[in-house]
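Okay, structure first, notes after.
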Amino acid sequence: MADVNQIFRLRLEAEMKAQGLNPASLSKRAQMNRRAVQDLLEGRAQSPKLSTAYNLAKALSVTLDMLTGDAPQKAIAPKLLEILSQYDQAEQEQLAEAILRLPRSPGSEQ
């Protein structure tokens with residue numbers, strides 16, 4: 001079983017990839033040292049401070065739970081992530097509402 005540090009690194013990396021960010025751009029967005037994110041991803045920095053984790057989550061517009069492993073994670077098709085990343089938050093909400101109105105095939109989970 002992966003520890004919380006490994007989960008944090010993996011989820012941080014996945015979210016960065018989904019948003020098309022590199023370590024330097026996320027560090028800048030989170031107002032951190034230019035190498036801070038790279039050090040986390042490469043394991044040079046272990047157990048980030050709560051404030052660091054919070055700033056990264058905020059910079060990525062995700063919850064801290066999503067990065068630490070407490071939030072349930074569902075697999076999302078890479079193509080769907082790519083499409084959604086082209087829209088801002090309000091447009092993503094509109095898309096979600098439209099998707100929920102689509103008819104579902106018989107036997108699929110509701």
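Ordering of the structure tokens sets the chain letters (A, B, ...); residue numbers start at 1 within each chain; ligands are numbered from 1 in the order shown.
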
Per residue of region 76-107 of chain A within 8 Å of region 9-27 of chain A, which atom pair is closest and at what distance in Å (one decimal), using only C-alpha atoms, listed by chain and increasing number, as a tab-separated table?
residue	atom	partner	partner_atom	distance
A:Leu81	CA	A:Ala18	CA	6.3
A:Glu82	CA	A:Ala18	CA	6.9
A:Ser85	CA	A:Gln19	CA	6.3

Running DSSP on the backbone, which parts of chain A land in alpha helix (DSSP H), as a ChimeraX atom specification?
-> /A:4-19,23-29,36-41,50-60,64-68,78-84,89-101

Using only C-alpha atoms, determine which residues lie at most 6 Å from Leu67 (chain A), disregarding the query and same-chain residues fewer than 2 positions distant; provide the list as a PDB file with all heavy atoms, in the first residue's frame.
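Listed below is the output, selection18.pdb:
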ATOM      1  N   PHE A   8       0.337  11.539  -2.489  1.00  0.00           N
ATOM      2  CA  PHE A   8       0.373  12.973  -2.774  1.00  0.00           C
ATOM      3  C   PHE A   8       1.159  13.246  -4.048  1.00  0.00           C
ATOM      4  O   PHE A   8       0.704  13.975  -4.934  1.00  0.00           O
ATOM      5  CB  PHE A   8       0.984  13.725  -1.584  1.00  0.00           C
ATOM      6  CG  PHE A   8       1.015  15.208  -1.772  1.00  0.00           C
ATOM      7  CD1 PHE A   8      -0.102  15.979  -1.494  1.00  0.00           C
ATOM      8  CD2 PHE A   8       2.169  15.838  -2.234  1.00  0.00           C
ATOM      9  CE1 PHE A   8      -0.075  17.356  -1.676  1.00  0.00           C
ATOM     10  CE2 PHE A   8       2.193  17.209  -2.417  1.00  0.00           C
ATOM     11  CZ  PHE A   8       1.075  17.969  -2.141  1.00  0.00           C
ATOM     12  N   ARG A  11      -0.750  11.897  -7.210  1.00  0.00           N
ATOM     13  CA  ARG A  11      -1.930  12.698  -7.546  1.00  0.00           C
ATOM     14  C   ARG A  11      -1.543  14.108  -7.993  1.00  0.00           C
ATOM     15  O   ARG A  11      -2.179  14.674  -8.873  1.00  0.00           O
ATOM     16  CB  ARG A  11      -2.903  12.727  -6.377  1.00  0.00           C
ATOM     17  CG  ARG A  11      -3.530  11.348  -6.185  1.00  0.00           C
ATOM     18  CD  ARG A  11      -4.689  11.393  -5.283  1.00  0.00           C
ATOM     19  NE  ARG A  11      -5.310  10.068  -5.219  1.00  0.00           N
ATOM     20  CZ  ARG A  11      -6.286   9.775  -4.405  1.00  0.00           C
ATOM     21  NH1 ARG A  11      -6.772  10.690  -3.589  1.00  0.00           N
ATOM     22  NH2 ARG A  11      -6.800   8.568  -4.395  1.00  0.00           N
ATOM     23  N   LEU A  64      -7.669  19.685  -1.071  1.00  0.00           N
ATOM     24  CA  LEU A  64      -6.526  19.033  -0.443  1.00  0.00           C
ATOM     25  C   LEU A  64      -6.773  17.528  -0.340  1.00  0.00           C
ATOM     26  O   LEU A  64      -5.852  16.730  -0.525  1.00  0.00           O
ATOM     27  CB  LEU A  64      -6.272  19.653   0.931  1.00  0.00           C
ATOM     28  CG  LEU A  64      -4.985  19.294   1.640  1.00  0.00           C
ATOM     29  CD1 LEU A  64      -3.771  19.542   0.759  1.00  0.00           C
ATOM     30  CD2 LEU A  64      -4.860  20.076   2.930  1.00  0.00           C
ATOM     31  N   ASP A  65      -8.014  17.147  -0.085  1.00  0.00           N
ATOM     32  CA  ASP A  65      -8.361  15.725  -0.036  1.00  0.00           C
ATOM     33  C   ASP A  65      -8.019  15.005  -1.337  1.00  0.00           C
ATOM     34  O   ASP A  65      -7.607  13.854  -1.320  1.00  0.00           O
ATOM     35  CB  ASP A  65      -9.858  15.527   0.249  1.00  0.00           C
ATOM     36  CG  ASP A  65     -10.222  15.764   1.690  1.00  0.00           C
ATOM     37  OD1 ASP A  65      -9.313  15.902   2.530  1.00  0.00           O
ATOM     38  OD2 ASP A  65     -11.428  15.803   1.989  1.00  0.00           O
ATOM     39  N   GLY A  69      -5.336  11.818  -0.864  1.00  0.00           N
ATOM     40  CA  GLY A  69      -5.830  10.463  -0.968  1.00  0.00           C
ATOM     41  C   GLY A  69      -7.107  10.188  -0.221  1.00  0.00           C
ATOM     42  O   GLY A  69      -7.615   9.087  -0.269  1.00  0.00           O
TER      43      GLY A  69
END

Residue nearest Leu56 (chain A) - candidates A:Gln92, A:Asn33, A:Gln6, A:Gln86, atoms counted: only C-alpha atoms =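 For Leu56 (chain A), the nearest of the given residues is A:Asn33.
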
How many Å lie between CA of Val37 (chain A) and CA of Glu91 (chain A), rounded to one decimal?
-> 28.6 Å

Write out as a PyMOL selection string which residues come within 12 Å of Gln46 (chain A) when counting only C-alpha atoms, dropping same-chain ones fewer than 6 positions away.
-> chain A and resi 3-9+36-40+52-53

Could you please determine the separation between CA of Lys79 (chain A) and CA of Ala98 (chain A) in Å, to one decimal place?
-> 17.7 Å

Could you tell me which of A:Leu84, A:Arg34, A:Arg29, A:Ala45 comes closest to Ala57 (chain A) if we count only C-alpha atoms?
->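 For Ala57 (chain A), the nearest of the given residues is A:Arg29.
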